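S.K.: Compact mmCIF, C-alpha atoms, file start10.txt:
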```
# COMPACT_ATOMS: atom_id res chain seq x y z
CA MET A 28 0.00 0.00 0.00
CA SER A 29 1.38 3.42 -0.88
CA HIS A 30 2.21 5.96 1.81
CA PHE A 31 -0.54 8.18 0.40
CA ALA A 32 -3.20 5.49 0.85
CA SER A 33 -1.80 4.54 4.27
CA ALA A 34 -2.06 8.16 5.41
CA LEU A 35 -5.67 8.39 4.16
CA LEU A 36 -6.57 5.11 5.88
CA PHE A 37 -5.00 6.34 9.12
CA ALA A 38 -6.87 9.65 8.81
CA GLY A 39 -10.21 7.86 8.29
CA THR A 40 -9.60 5.55 11.25
CA ALA A 41 -8.52 8.51 13.40
CA ILE A 42 -11.74 10.41 12.62
CA VAL A 43 -13.90 7.37 13.44
CA LEU A 44 -12.00 6.83 16.71
CA GLN A 45 -12.13 10.51 17.71
CA ALA A 46 -15.82 10.93 16.91
CA GLY A 47 -17.25 7.54 17.80
CA PHE A 48 -15.02 5.60 20.17
CA LEU A 49 -12.78 7.81 22.32
CA PRO A 50 -15.58 10.09 23.67
CA SER A 51 -17.12 7.06 25.40
CA LEU A 52 -13.78 6.22 27.07
CA LEU A 53 -12.57 9.66 28.12
CA PRO A 54 -14.34 12.00 30.54
CA GLY A 55 -15.29 15.50 29.39
CA TYR A 56 -14.84 16.68 25.84
CA ALA A 57 -11.08 16.31 25.41
CA LYS A 58 -9.85 13.61 23.09
CA PRO A 59 -6.43 13.04 21.52
CA ASP A 60 -5.99 14.63 18.10
CA LEU A 61 -4.58 11.72 16.12
CA LEU A 62 -4.76 13.73 12.88
CA LEU A 63 -2.37 16.31 14.32
CA ILE A 64 0.13 13.53 15.04
CA LEU A 65 -0.29 12.30 11.45
CA VAL A 66 0.29 15.82 10.09
CA VAL A 67 3.47 16.23 12.16
CA TYR A 68 4.71 12.85 10.91
CA LEU A 69 3.88 13.75 7.29
CA GLY A 70 5.63 17.10 7.77
CA LEU A 71 8.81 15.26 8.76
CA HIS A 72 8.80 12.67 5.99
CA GLU A 73 6.57 13.71 3.08
CA ARG A 74 7.49 15.94 0.12
CA PRO A 75 6.09 19.51 0.35
CA TRP A 76 3.65 19.59 -2.58
CA ARG A 77 2.35 16.04 -2.30
CA GLY A 78 2.18 16.21 1.48
CA GLY A 79 0.63 19.69 1.41
CA ALA A 80 -2.16 18.56 -0.92
CA LEU A 81 -2.76 15.44 1.18
CA VAL A 82 -2.86 17.38 4.46
CA TYR A 83 -5.20 20.04 3.00
CA GLY A 84 -7.55 17.27 1.79
CA ILE A 85 -7.44 15.58 5.19
CA GLY A 86 -8.26 18.96 6.77
CA TRP A 87 -11.39 19.31 4.63
CA GLY A 88 -12.40 15.79 5.60
CA TYR A 89 -11.81 16.65 9.25
CA ASP A 90 -14.15 19.65 8.88
CA CYS A 91 -17.01 17.29 8.04
CA PHE A 92 -16.76 15.84 11.56
CA ALA A 93 -15.39 18.72 13.65
CA GLY A 94 -16.99 22.12 14.12
CA HIS A 95 -19.04 23.68 11.34
CA PHE A 96 -16.57 25.90 9.52
CA PRO A 97 -15.67 24.50 6.07
CA GLY A 98 -11.97 24.95 5.33
CA LEU A 99 -10.92 25.74 8.90
CA HIS A 100 -8.97 22.55 9.51
CA GLY A 101 -7.68 22.62 5.94
CA PHE A 102 -6.00 25.94 6.78
CA VAL A 103 -4.86 24.91 10.28
CA LEU A 104 -3.40 21.53 9.28
CA LEU A 105 -1.72 22.98 6.16
CA ALA A 106 -0.11 25.73 8.28
CA LEU A 107 1.12 23.09 10.75
CA PHE A 108 2.48 20.91 7.95
CA LEU A 109 4.36 23.82 6.36
CA ALA A 110 5.69 24.92 9.76
CA VAL A 111 7.15 21.45 10.28
CA ARG A 112 8.54 21.46 6.70
CA ALA A 113 10.21 24.80 7.43
CA ILE A 114 12.38 23.29 10.19
CA VAL A 115 12.83 19.81 8.77
CA THR A 116 16.27 20.45 7.23
CA ARG A 117 17.65 21.77 10.52
CA VAL A 118 16.69 18.85 12.78
CA ASN A 119 17.18 15.12 13.09
CA THR A 120 13.91 13.83 11.67
CA GLU A 121 14.61 10.28 12.88
CA SER A 122 14.42 11.27 16.54
CA SER A 123 11.31 10.13 18.41
CA VAL A 124 11.87 12.87 21.01
CA LEU A 125 11.66 15.44 18.22
CA LEU A 126 8.33 14.00 17.09
CA LEU A 127 6.97 14.32 20.63
CA ALA A 128 8.30 17.89 20.93
CA LEU A 129 6.68 18.77 17.61
CA VAL A 130 3.37 17.26 18.74
CA LEU A 131 3.54 19.45 21.85
CA THR A 132 4.33 22.60 19.87
CA GLY A 133 1.84 21.62 17.17
CA THR A 134 -0.99 21.27 19.70
CA VAL A 135 -0.36 24.77 21.03
CA LEU A 136 -0.04 26.20 17.50
CA GLN A 137 -3.22 24.41 16.42
CA GLY A 138 -5.15 25.92 19.35
CA VAL A 139 -3.85 29.41 18.54
CA LEU A 140 -4.64 29.07 14.82
CA VAL A 141 -8.17 27.76 15.43
CA ALA A 142 -8.86 30.56 17.94
CA PHE A 143 -7.40 33.20 15.60
CA ALA A 144 -9.38 31.98 12.58
CA LEU A 145 -12.64 31.90 14.56
CA ASP A 146 -12.11 35.20 16.37
CA PHE A 147 -10.81 37.15 13.37
CA PHE A 148 -13.23 35.89 10.73
CA HIS A 149 -16.26 34.82 12.75
CA ARG A 150 -16.10 37.11 15.82
CA THR A 151 -16.19 34.17 18.23
CA GLN A 152 -14.21 35.60 21.15
CA GLN A 153 -15.39 32.86 23.55
CA VAL A 154 -13.24 30.34 21.75
CA TRP A 155 -10.03 31.79 23.27
CA SER A 156 -11.07 31.03 26.86
CA LEU A 157 -12.41 27.62 25.85
CA ILE A 158 -9.18 26.64 24.09
CA LEU A 159 -6.87 28.09 26.76
CA LEU A 160 -8.72 26.20 29.47
CA GLN A 161 -8.52 22.93 27.60
CA LEU A 162 -5.04 23.28 26.13
CA PRO A 163 -2.97 21.72 28.98
CA TRP A 164 -5.18 18.63 29.05
CA GLN A 165 -5.08 18.44 25.24
CA VAL A 166 -1.27 18.66 25.21
CA ILE A 167 -0.99 15.78 27.70
CA LEU A 168 -3.45 13.64 25.74
CA ASN A 169 -1.71 14.28 22.42
CA LEU A 170 1.73 13.57 23.85
CA LEU A 171 0.55 10.36 25.45
CA SER A 172 -1.17 9.24 22.24
CA ALA A 173 1.91 10.06 20.14
CA TYR A 174 4.10 8.03 22.52
CA ILE A 175 1.74 5.04 22.46
CA LEU A 176 1.26 5.27 18.67
CA LEU A 177 5.02 5.28 18.09
CA HIS A 178 5.51 2.14 20.12
CA VAL A 179 2.45 0.33 18.75
CA THR A 180 3.40 1.15 15.14
CA LEU A 181 6.95 -0.13 15.67
CA TRP A 182 5.66 -3.30 17.29
CA LEU A 183 3.16 -3.89 14.45
CA GLN A 184 5.84 -3.28 11.85
CA ARG A 185 8.27 -5.68 13.55
CA THR A 186 5.60 -8.37 14.05
CA PHE A 187 3.62 -8.32 10.82
CA LEU A 188 5.73 -6.47 8.23
CA PRO A 189 9.34 -7.14 9.23
CA ARG A 190 10.67 -6.54 5.71
CA SER A 191 8.81 -3.35 4.88
CA THR A 192 9.70 0.03 6.31
CA LEU A 193 7.93 3.24 7.11
CA PRO A 194 10.06 6.34 6.65
CA GLY A 195 11.44 7.55 9.94
CA LEU A 196 10.04 4.72 12.02
CA ARG A 197 12.66 2.07 11.26
CA LYS A 198 15.43 4.11 12.85
CA LEU A 199 13.26 4.99 15.83
CA ASP A 200 13.41 1.34 16.77
CA SER A 201 15.85 1.00 19.68
CA ARG A 202 17.61 -1.91 17.94
CA TYR A 203 18.98 0.56 15.40
CA ASP A 204 20.37 2.93 18.02
CA SER A 205 24.14 3.07 18.00
CA MET B 30 16.53 39.76 -7.33
CA TRP B 31 16.55 36.33 -9.01
CA GLU B 32 18.98 35.09 -6.40
CA TRP B 33 16.75 36.37 -3.58
CA TRP B 34 13.73 34.68 -5.18
CA ARG B 35 15.56 31.37 -5.51
CA LYS B 36 16.67 31.57 -1.87
CA ASN B 37 13.25 32.36 -0.43
CA ARG B 38 11.03 30.68 -3.01
CA THR B 39 9.90 27.79 -0.80
CA MET B 40 9.06 30.01 2.15
CA LEU B 41 7.15 32.49 -0.01
CA LEU B 42 5.18 29.74 -1.76
CA GLY B 43 4.35 28.27 1.64
CA LEU B 44 3.05 31.62 2.84
CA VAL B 45 1.00 32.05 -0.34
CA LEU B 46 -0.50 28.58 0.20
CA ILE B 47 -1.42 29.37 3.82
CA LEU B 48 -2.94 32.69 2.76
CA ALA B 49 -4.91 30.98 -0.01
CA ALA B 50 -6.21 28.39 2.47
CA LEU B 51 -7.19 31.18 4.89
CA LEU B 52 -9.00 33.10 2.15
CA TRP B 53 -10.80 29.95 1.03
CA TYR B 54 -11.90 29.36 4.63
CA SER B 55 -13.04 32.97 4.91
CA ALA B 56 -15.05 32.71 1.69
CA GLY B 57 -16.54 29.42 2.92
CA LEU B 58 -18.05 31.13 5.97
CA ARG B 59 -20.78 32.51 3.70
CA ARG B 60 -21.76 28.96 2.77
CA GLN B 61 -21.51 27.80 6.37
CA GLU B 62 -25.13 26.68 6.61
CA GLN B 63 -24.98 24.64 3.41
CA THR B 64 -24.11 20.96 3.38
CA SER B 65 -21.46 20.45 0.70
CA LEU B 66 -21.11 17.41 -1.53
CA LEU B 67 -17.96 16.42 0.38
CA ASP B 68 -19.87 16.64 3.68
CA ARG B 69 -22.67 14.48 2.33
CA SER B 70 -20.37 11.89 0.77
CA LEU B 71 -18.19 11.52 3.87
CA LEU B 72 -21.22 11.36 6.17
CA VAL B 73 -22.76 8.66 3.94
CA ILE B 74 -19.52 6.62 4.09
CA VAL B 75 -18.54 7.15 7.74
CA GLY B 76 -22.06 7.53 9.20
CA PRO B 77 -22.94 3.79 9.14
CA VAL B 78 -19.52 2.94 10.64
CA LEU B 79 -20.13 5.38 13.50
CA GLU B 80 -23.66 4.02 13.96
CA GLY B 81 -22.33 0.45 14.19
CA LEU B 82 -19.64 1.54 16.63
CA ASP B 83 -22.22 3.35 18.76
CA TYR B 84 -24.46 0.27 18.92
CA GLY B 85 -21.46 -1.90 19.82
CA ILE B 86 -20.37 0.43 22.63
CA SER B 87 -23.96 0.74 23.93
CA ALA B 88 -24.36 -3.05 23.96
CA ALA B 89 -21.07 -3.50 25.85
CA ALA B 90 -22.02 -0.74 28.32
CA ASP B 91 -25.48 -2.34 28.82
CA ILE B 92 -23.99 -5.75 29.61
CA TRP B 93 -21.53 -4.17 32.04
CA GLY B 94 -24.12 -1.91 33.70
CA HIS B 95 -27.04 -4.37 33.84
CA TYR B 96 -25.36 -7.67 34.64
CA LEU B 97 -21.86 -7.07 36.02
CA TYR B 98 -21.44 -3.71 37.78
CA LEU B 99 -24.36 -3.67 40.23
CA VAL B 100 -22.72 -1.89 43.19
CA GLY B 101 -25.20 0.55 44.76
CA THR B 102 -28.20 -0.78 42.81
CA VAL B 103 -30.29 -1.43 45.97
CA GLU B 104 -29.66 2.09 47.30
CA HIS B 105 -30.35 3.57 43.86
CA ASN B 106 -33.59 1.58 43.66
CA ARG B 107 -34.70 2.91 47.07
CA GLN B 108 -33.98 6.50 45.99
CA LEU B 109 -35.90 6.05 42.74
CA THR B 110 -38.92 4.58 44.55
CA THR B 111 -39.08 7.62 46.84
CA GLU B 112 -38.59 9.97 43.90
CA ASN B 113 -41.28 8.12 41.93
CA ARG B 114 -43.76 8.56 44.80
CA ASN B 115 -43.04 12.30 44.95
CA LEU B 116 -43.32 12.66 41.16
CA ARG B 117 -46.70 10.90 41.11
CA GLY B 118 -47.98 13.52 43.51
CA LEU B 119 -46.52 16.28 41.38
CA ILE B 120 -48.08 14.86 38.19
CA ALA B 121 -51.50 14.81 39.84
CA ARG B 122 -51.13 18.48 40.76
CA LEU B 123 -49.86 19.38 37.27
CA GLU B 124 -52.78 17.60 35.62
CA GLU B 125 -55.10 19.86 37.58
CA ILE B 126 -53.13 22.93 36.46
CA ASP B 127 -53.17 21.68 32.84
CA LEU B 128 -56.95 21.32 32.89
CA GLU B 129 -57.32 24.76 34.39
CA ASN B 130 -54.98 26.19 31.74
CA ARG B 131 -57.03 24.65 28.94
CA ARG B 132 -60.24 26.06 30.36
CA LEU B 133 -58.72 29.53 30.63
CA ARG B 134 -57.28 29.37 27.09
CA ARG B 135 -60.67 28.48 25.73
CA LEU B 136 -62.19 31.28 27.76
CA LEU B 137 -59.78 33.82 26.31
CA GLU B 138 -60.22 32.38 22.81
CA PHE B 139 -56.51 31.85 22.33
CA LYS B 140 -55.58 30.78 18.84
CA GLU B 141 -53.68 27.51 18.79
CA GLU B 142 -50.01 28.10 18.17
CA GLN B 143 -48.32 26.42 15.23
CA ALA B 144 -47.99 22.74 15.90
CA VAL B 145 -44.41 21.60 16.41
CA ALA B 146 -43.69 18.05 15.27
CA GLY B 147 -40.82 16.20 16.93
CA LEU B 148 -38.68 13.50 15.36
CA PRO B 149 -36.80 11.28 17.84
CA ALA B 150 -33.13 10.73 16.98
CA ARG B 151 -30.21 8.94 18.56
CA ILE B 152 -26.77 10.48 19.04
CA ILE B 153 -24.21 8.30 17.29
CA ALA B 154 -21.03 10.39 17.51
CA GLU B 155 -19.49 13.47 19.08
CA ASP B 156 -17.32 16.16 17.54
CA ALA B 157 -13.99 14.77 16.33
CA SER B 158 -12.14 17.77 17.78
CA SER B 159 -11.85 18.87 21.41
CA TRP B 160 -12.42 22.54 20.58
CA PHE B 161 -15.98 22.26 19.23
CA ARG B 162 -19.29 21.03 20.60
CA THR B 163 -21.27 19.22 17.93
CA VAL B 164 -22.90 15.78 17.81
CA MET B 165 -24.04 13.52 15.00
CA ILE B 166 -27.58 12.07 14.98
CA ASP B 167 -28.94 9.08 13.08
CA LYS B 168 -31.60 11.03 11.17
CA GLY B 169 -31.01 12.99 7.97
CA ILE B 170 -32.61 14.32 4.80
CA GLU B 171 -34.49 11.02 4.29
CA ASP B 172 -36.30 11.67 7.58
CA GLY B 173 -36.98 15.33 6.79
CA VAL B 174 -34.11 16.76 8.84
CA SER B 175 -32.52 19.88 7.38
CA ALA B 176 -30.12 22.62 8.49
CA GLY B 177 -31.58 25.13 10.93
CA MET B 178 -34.00 22.79 12.71
CA PRO B 179 -33.99 23.09 16.51
CA VAL B 180 -33.05 20.04 18.57
CA VAL B 181 -34.31 19.47 22.12
CA ALA B 182 -34.15 16.89 24.90
CA ALA B 183 -36.60 16.27 27.74
CA GLU B 184 -34.65 18.71 29.95
CA GLY B 185 -34.46 21.57 27.44
CA LEU B 186 -32.77 22.99 24.36
CA VAL B 187 -29.87 21.02 22.85
CA GLY B 188 -28.96 23.02 19.72
CA ARG B 189 -29.70 23.23 16.01
CA VAL B 190 -28.95 21.15 12.93
CA VAL B 191 -26.05 22.58 10.91
CA ARG B 192 -25.40 19.82 8.36
CA SER B 193 -27.61 17.10 7.01
CA SER B 194 -26.86 14.15 4.73
CA THR B 195 -29.05 11.24 3.58
CA GLY B 196 -29.18 9.35 6.86
CA GLN B 197 -27.26 11.47 9.37
CA ALA B 198 -27.12 15.08 10.50
CA ARG B 199 -24.81 17.17 12.65
CA VAL B 200 -26.12 19.30 15.49
CA LEU B 201 -24.37 22.38 16.87
CA LEU B 202 -24.83 22.32 20.66
CA ILE B 203 -25.76 25.52 22.50
CA THR B 204 -22.51 25.15 24.49
CA ASP B 205 -20.33 25.59 21.37
CA ALA B 206 -18.36 28.85 21.33
CA SER B 207 -19.95 29.85 18.01
CA SER B 208 -23.51 29.30 19.21
CA ALA B 209 -25.74 32.22 20.22
CA VAL B 210 -29.39 31.92 21.29
CA ALA B 211 -31.82 34.79 21.90
CA THR B 212 -33.10 34.23 25.43
CA LEU B 213 -35.05 35.74 28.31
CA VAL B 214 -35.32 35.24 32.04
CA GLN B 215 -38.54 33.36 32.62
CA HIS B 216 -39.92 35.27 35.61
CA ASN B 217 -39.29 38.90 34.53
CA ARG B 218 -38.78 38.51 30.74
CA ALA B 219 -35.37 40.27 30.80
CA ARG B 220 -33.85 39.77 27.35
CA GLY B 221 -30.32 38.76 26.37
CA VAL B 222 -28.23 36.38 24.30
CA CYS B 223 -26.81 33.07 25.58
CA ARG B 224 -23.41 32.23 24.10
CA GLY B 225 -21.68 28.87 24.48
CA GLN B 226 -18.56 28.58 26.61
CA GLY B 227 -17.76 24.88 26.39
CA GLU B 228 -19.69 23.51 29.33
CA ARG B 229 -21.60 26.60 30.47
CA LEU B 230 -23.22 29.59 28.79
CA SER B 231 -22.66 33.29 29.22
CA PHE B 232 -25.89 35.31 29.27
CA GLU B 233 -24.96 38.59 27.61
CA PHE B 234 -26.61 42.00 27.08
CA VAL B 235 -28.83 41.80 30.16
CA LEU B 236 -29.26 45.36 31.45
CA ARG B 237 -27.78 46.05 34.90
CA ARG B 238 -31.10 47.34 36.23
CA GLU B 239 -32.85 44.03 35.52
CA ASP B 240 -33.87 41.94 38.51
CA VAL B 241 -31.92 38.73 37.87
CA ALA B 242 -30.94 36.33 40.66
CA ILE B 243 -29.10 33.04 40.99
CA GLY B 244 -31.48 30.15 40.31
CA ASP B 245 -33.58 32.04 37.75
CA ARG B 246 -34.67 29.95 34.80
CA VAL B 247 -33.61 31.08 31.31
CA VAL B 248 -35.73 30.20 28.26
CA THR B 249 -35.62 30.91 24.52
CA SER B 250 -37.25 34.18 23.48
CA GLY B 251 -38.26 33.05 19.99
CA MET B 252 -36.46 36.04 18.45
CA GLY B 253 -34.37 35.26 15.39
CA GLY B 254 -36.78 32.62 14.15
CA VAL B 255 -34.55 29.58 14.75
CA PHE B 256 -35.80 28.34 18.12
CA PRO B 257 -39.44 28.30 19.23
CA LYS B 258 -40.30 30.47 22.21
CA GLY B 259 -40.22 29.05 25.73
CA LEU B 260 -37.70 26.21 25.45
CA VAL B 261 -35.73 25.83 28.70
CA ILE B 262 -32.03 26.60 28.37
CA GLY B 263 -30.82 26.45 31.94
CA GLN B 264 -30.48 28.25 35.25
CA VAL B 265 -28.48 31.27 36.36
CA THR B 266 -25.59 29.96 38.48
CA ALA B 267 -23.31 32.98 38.76
CA LEU B 268 -23.96 36.69 38.60
CA SER B 269 -21.98 39.89 39.05
CA ARG B 270 -22.96 43.55 38.81
CA ASP B 271 -20.10 45.78 37.73
CA PRO B 272 -21.04 49.37 38.73
CA PHE B 273 -19.34 50.74 35.60
CA SER B 274 -20.91 48.37 33.11
CA LEU B 275 -24.20 48.69 31.28
CA PHE B 276 -24.79 44.97 31.42
CA LEU B 277 -24.77 42.21 34.01
CA THR B 278 -22.25 39.38 33.84
CA VAL B 279 -24.36 36.24 34.06
CA GLU B 280 -23.36 32.59 33.83
CA VAL B 281 -25.98 29.98 32.94
CA THR B 282 -25.66 26.24 33.49
CA PRO B 283 -27.54 24.32 30.78
CA SER B 284 -30.42 22.16 31.98
CA VAL B 285 -29.34 19.41 29.59
CA ASP B 286 -26.47 17.19 30.72
CA PHE B 287 -24.60 17.05 27.41
CA SER B 288 -22.11 14.45 28.63
CA HIS B 289 -24.90 11.89 29.08
CA LEU B 290 -27.10 12.84 26.16
CA GLU B 291 -28.24 9.84 24.10
CA GLU B 292 -31.61 10.66 22.53
CA VAL B 293 -32.92 13.96 21.23
CA LEU B 294 -35.96 15.34 19.44
CA VAL B 295 -35.61 17.28 16.18
CA LEU B 296 -38.38 19.89 15.95
CA SER B 297 -39.99 20.98 12.71
CA ARG B 298 -42.71 23.56 12.34
CA GLU B 299 -45.84 22.28 10.66
CA ASP B 300 -49.20 23.82 10.01
CA PRO B 301 -51.89 22.65 12.45
```
Transcribe the structure of this file into structure tokens.
M.R.:
Amino acid sequence: MSHFASALLFAGTAIVLQAGFLPSLLPGYAKPDLLLILVVYLGLHERPWRGGALVYGIGWGYDCFAGHFPGLHGFVLLALFLAVRAIVTRVNTESSVLLLALVLTGTVLQGVLVAFALDFFHRTQQVWSLILLQLPWQVILNLLSAYILLHVTLWLQRTFLPRSTLPGLRKLDSRYDS
Amino acid sequence: MWEWWRKNRTMLLGLVLILAALLWYSAGLRRQEQTSLLDRSLLVIVGPVLEGLDYGISAAADIWGHYLYLVGTVEHNRQLTTENRNLRGLIARLEEIDLENRRLRRLLEFKEEQAVAGLPARIIAEDASSWFRTVMIDKGIEDGVSAGMPVVAAEGLVGRVVRSSTGQARVLLITDASSAVATLVQHNRARGVCRGQGERLSFEFVLRREDVAIGDRVVTSGMGGVFPKGLVIGQVTALSRDPFSLFLTVEVTPSVDFSHLEEVLVLSREDP
């Protein structure tokens, strides 16, 4: 399966989990943003144009299940993807710690971008307080999910697809550490 | 110049892309109430999956709650029996008041208001993001559900339909930051607007001279034409009077417990 199709499949599964499954497990309204983790990963390992188009498409799909502002997540996820692309040549993209740090920064940036887009274009000032209140909890959830996802993906790859590789993930495996 | 362009080309193109995406989003706000083809297609594909998942989770929760986790059931049963006895008494009194109300209406020759038909729907999914408050219901265009229809629960107002596909629709809850409902205080008819704040509502534009107190019930005013008049929104739970402000600062707790909401009623206006 191509990386493009894998990313789309992951995005679809993430949306179903976030909308249908995780709310029944977690108290309150906070749920991990698996799509943000995917966008950070794509930003580290996907080419700008192809990845940009994919992320923008995923954002539009996300809008069908989150909020009611068409194009909002397209803009937010594309901005996040390009922000990651902007630093990708200056960092070690194979580091799992970097991925976690980018998920942390990405969560904060996502909150700010959503609040800015809603306040500036829709005059929804209340969204700032809502996002600021929920941000710490969201950061913890996203970090925890990214950590678990990294380990689960590596385990799945080692167990079921030992010969195939996913960019970036093979070297995250501790067996390849020098 | 060419050298500068070559050096900064990627960054500039990135900025142009972000700006284009932002402009496209801004232009899309005008079509906010329309359900796009992409919305419909994705809801048609993912909707049944979410419905199946919801039934699976409900079945598992039922087995756990009804057959395995029975701690406190006896105490709960005792409480419910007492509550049931009290409610029976209350119903008897309310029936009397209802009959009296009908007699008085007839006496005053009130015209019957427009009949409001309700379509029961089940919540099958929540918002995929943590920042917004929407839910998905298992009724759509096929069942006559369209954007703008008010949605209620037994306890009060839930929100309004914002997107609708063949078999599913999405409802914007009144607690969403972008939701605003024209409201009034039930006992003195003081007007204002209730805006969502995640879990509570802020009741804005209530004049400082108005007699509002903690515990007052807030209902829809019917202004704006989206929600029928008189639907319960919640109760005033916090209040402050700033001597230098024209308006009161009022916090309202919704009467509907959105974290445990499972079934709702979609209202549609029909001629009697």
S.K.: May I have a table of the residues of chain A lying at most 6 Å from chain B, giving each one's closest pair of atoms and their distance in Å to one decimal, counting all atoms listed in the file, ordered by chain and ascending residue number, as a Markdown table?
M.R.:
```
| residue | atom | partner | partner_atom | distance |
| --- | --- | --- | --- | --- |
| A:Gln45 | CA | B:Ala157 | CA | 4.8 |
| A:Ala46 | CA | B:Ala157 | CA | 4.3 |
| A:Gly47 | CA | B:Ala154 | CA | 4.7 |
| A:Tyr56 | CA | B:Ser159 | CA | 5.8 |
| A:Ala57 | CA | B:Ser159 | CA | 4.8 |
| A:Lys58 | CA | B:Ser159 | CA | 5.9 |
| A:Cys91 | CA | B:Asp68 | CA | 5.3 |
| A:Phe92 | CA | B:Ala157 | CA | 5.6 |
| A:Ala93 | CA | B:Ala157 | CA | 5.0 |
| A:Gly94 | CA | B:Phe161 | CA | 5.2 |
| A:Pro97 | CA | B:Gly57 | CA | 5.9 |
| A:Gly98 | CA | B:Tyr54 | CA | 4.5 |
| A:Leu99 | CA | B:Tyr54 | CA | 5.7 |
| A:Phe102 | CA | B:Ala50 | CA | 5.0 |
| A:Ala106 | CA | B:Ile47 | CA | 5.9 |
| A:Thr151 | CA | B:Ser207 | CA | 5.7 |
| A:Gln153 | CA | B:Ala206 | CA | 5.5 |
| A:Val154 | CA | B:Ala206 | CA | 5.3 |
```
S.K.: Would you mind exporting C-alpha atoms of the selected residues as a short mmCIF file (atom, residue, chain, number, x, y, z; two decimals), in the coordinates of the input?
M.R.:
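Written output follows (result06.cif):
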```cif
data_model
loop_
_atom_site.label_atom_id
_atom_site.label_comp_id
_atom_site.auth_asym_id
_atom_site.auth_seq_id
_atom_site.Cartn_x
_atom_site.Cartn_y
_atom_site.Cartn_z
CA GLN A 45 -12.13 10.51 17.71
CA ALA A 46 -15.82 10.93 16.91
CA GLY A 47 -17.25 7.54 17.80
CA TYR A 56 -14.84 16.68 25.84
CA ALA A 57 -11.08 16.31 25.41
CA LYS A 58 -9.85 13.61 23.09
CA CYS A 91 -17.01 17.29 8.04
CA PHE A 92 -16.76 15.84 11.56
CA ALA A 93 -15.39 18.72 13.65
CA GLY A 94 -16.99 22.12 14.12
CA PRO A 97 -15.67 24.50 6.07
CA GLY A 98 -11.97 24.95 5.33
CA LEU A 99 -10.92 25.74 8.90
CA PHE A 102 -6.00 25.94 6.78
CA ALA A 106 -0.11 25.73 8.28
CA THR A 151 -16.19 34.17 18.23
CA GLN A 153 -15.39 32.86 23.55
CA VAL A 154 -13.24 30.34 21.75
#
```
S.K.: Every residue with an atom at most 12 Å from (0.8, 5.5, -2.0) (file coordinates; all atoms listed in the file) is what I'm after, so could you write them as a PyMOL selection string?
M.R.: chain A and resi 28-36+73+77-78+81+193
S.K.: Mind checking which residues fall within 9 Å of Val222 in chain B, counting all atoms listed in the file, ignoring those fewer than 2 positions away in the same chain, and posting them as a VMD selection string?
M.R.: chain B and resid 209 to 213 220 224 231 to 235
S.K.: With C-alpha atoms kept, could you save the residues just selected as a PDB file, in the coordinates of the input?
M.R.:
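Resulting contents of selection02.pdb:
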```
ATOM      1  CA  ALA B 209     -25.740  32.220  20.220  1.00  0.00           C
ATOM      2  CA  VAL B 210     -29.390  31.920  21.290  1.00  0.00           C
ATOM      3  CA  ALA B 211     -31.820  34.790  21.900  1.00  0.00           C
ATOM      4  CA  THR B 212     -33.100  34.230  25.430  1.00  0.00           C
ATOM      5  CA  LEU B 213     -35.050  35.740  28.310  1.00  0.00           C
ATOM      6  CA  ARG B 220     -33.850  39.770  27.350  1.00  0.00           C
ATOM      7  CA  ARG B 224     -23.410  32.230  24.100  1.00  0.00           C
ATOM      8  CA  SER B 231     -22.660  33.290  29.220  1.00  0.00           C
ATOM      9  CA  PHE B 232     -25.890  35.310  29.270  1.00  0.00           C
ATOM     10  CA  GLU B 233     -24.960  38.590  27.610  1.00  0.00           C
ATOM     11  CA  PHE B 234     -26.610  42.000  27.080  1.00  0.00           C
ATOM     12  CA  VAL B 235     -28.830  41.800  30.160  1.00  0.00           C
TER      13      VAL B 235
END
```
S.K.: CA of Val66 in chain A and CA of Leu188 in chain A are how many Å apart?
M.R.: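 Value for the CA of Val66 in chain A-CA of Leu188 in chain A distance: 23.0 Å.
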S.K.: Which residue, A:Leu49, A:Leu183, A:Leu71, A:Leu127, has the smallest gap to Val166 in chain A when you use only C-alpha atoms?
M.R.: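 So, comparing all the options, the nearest one is A:Leu127.
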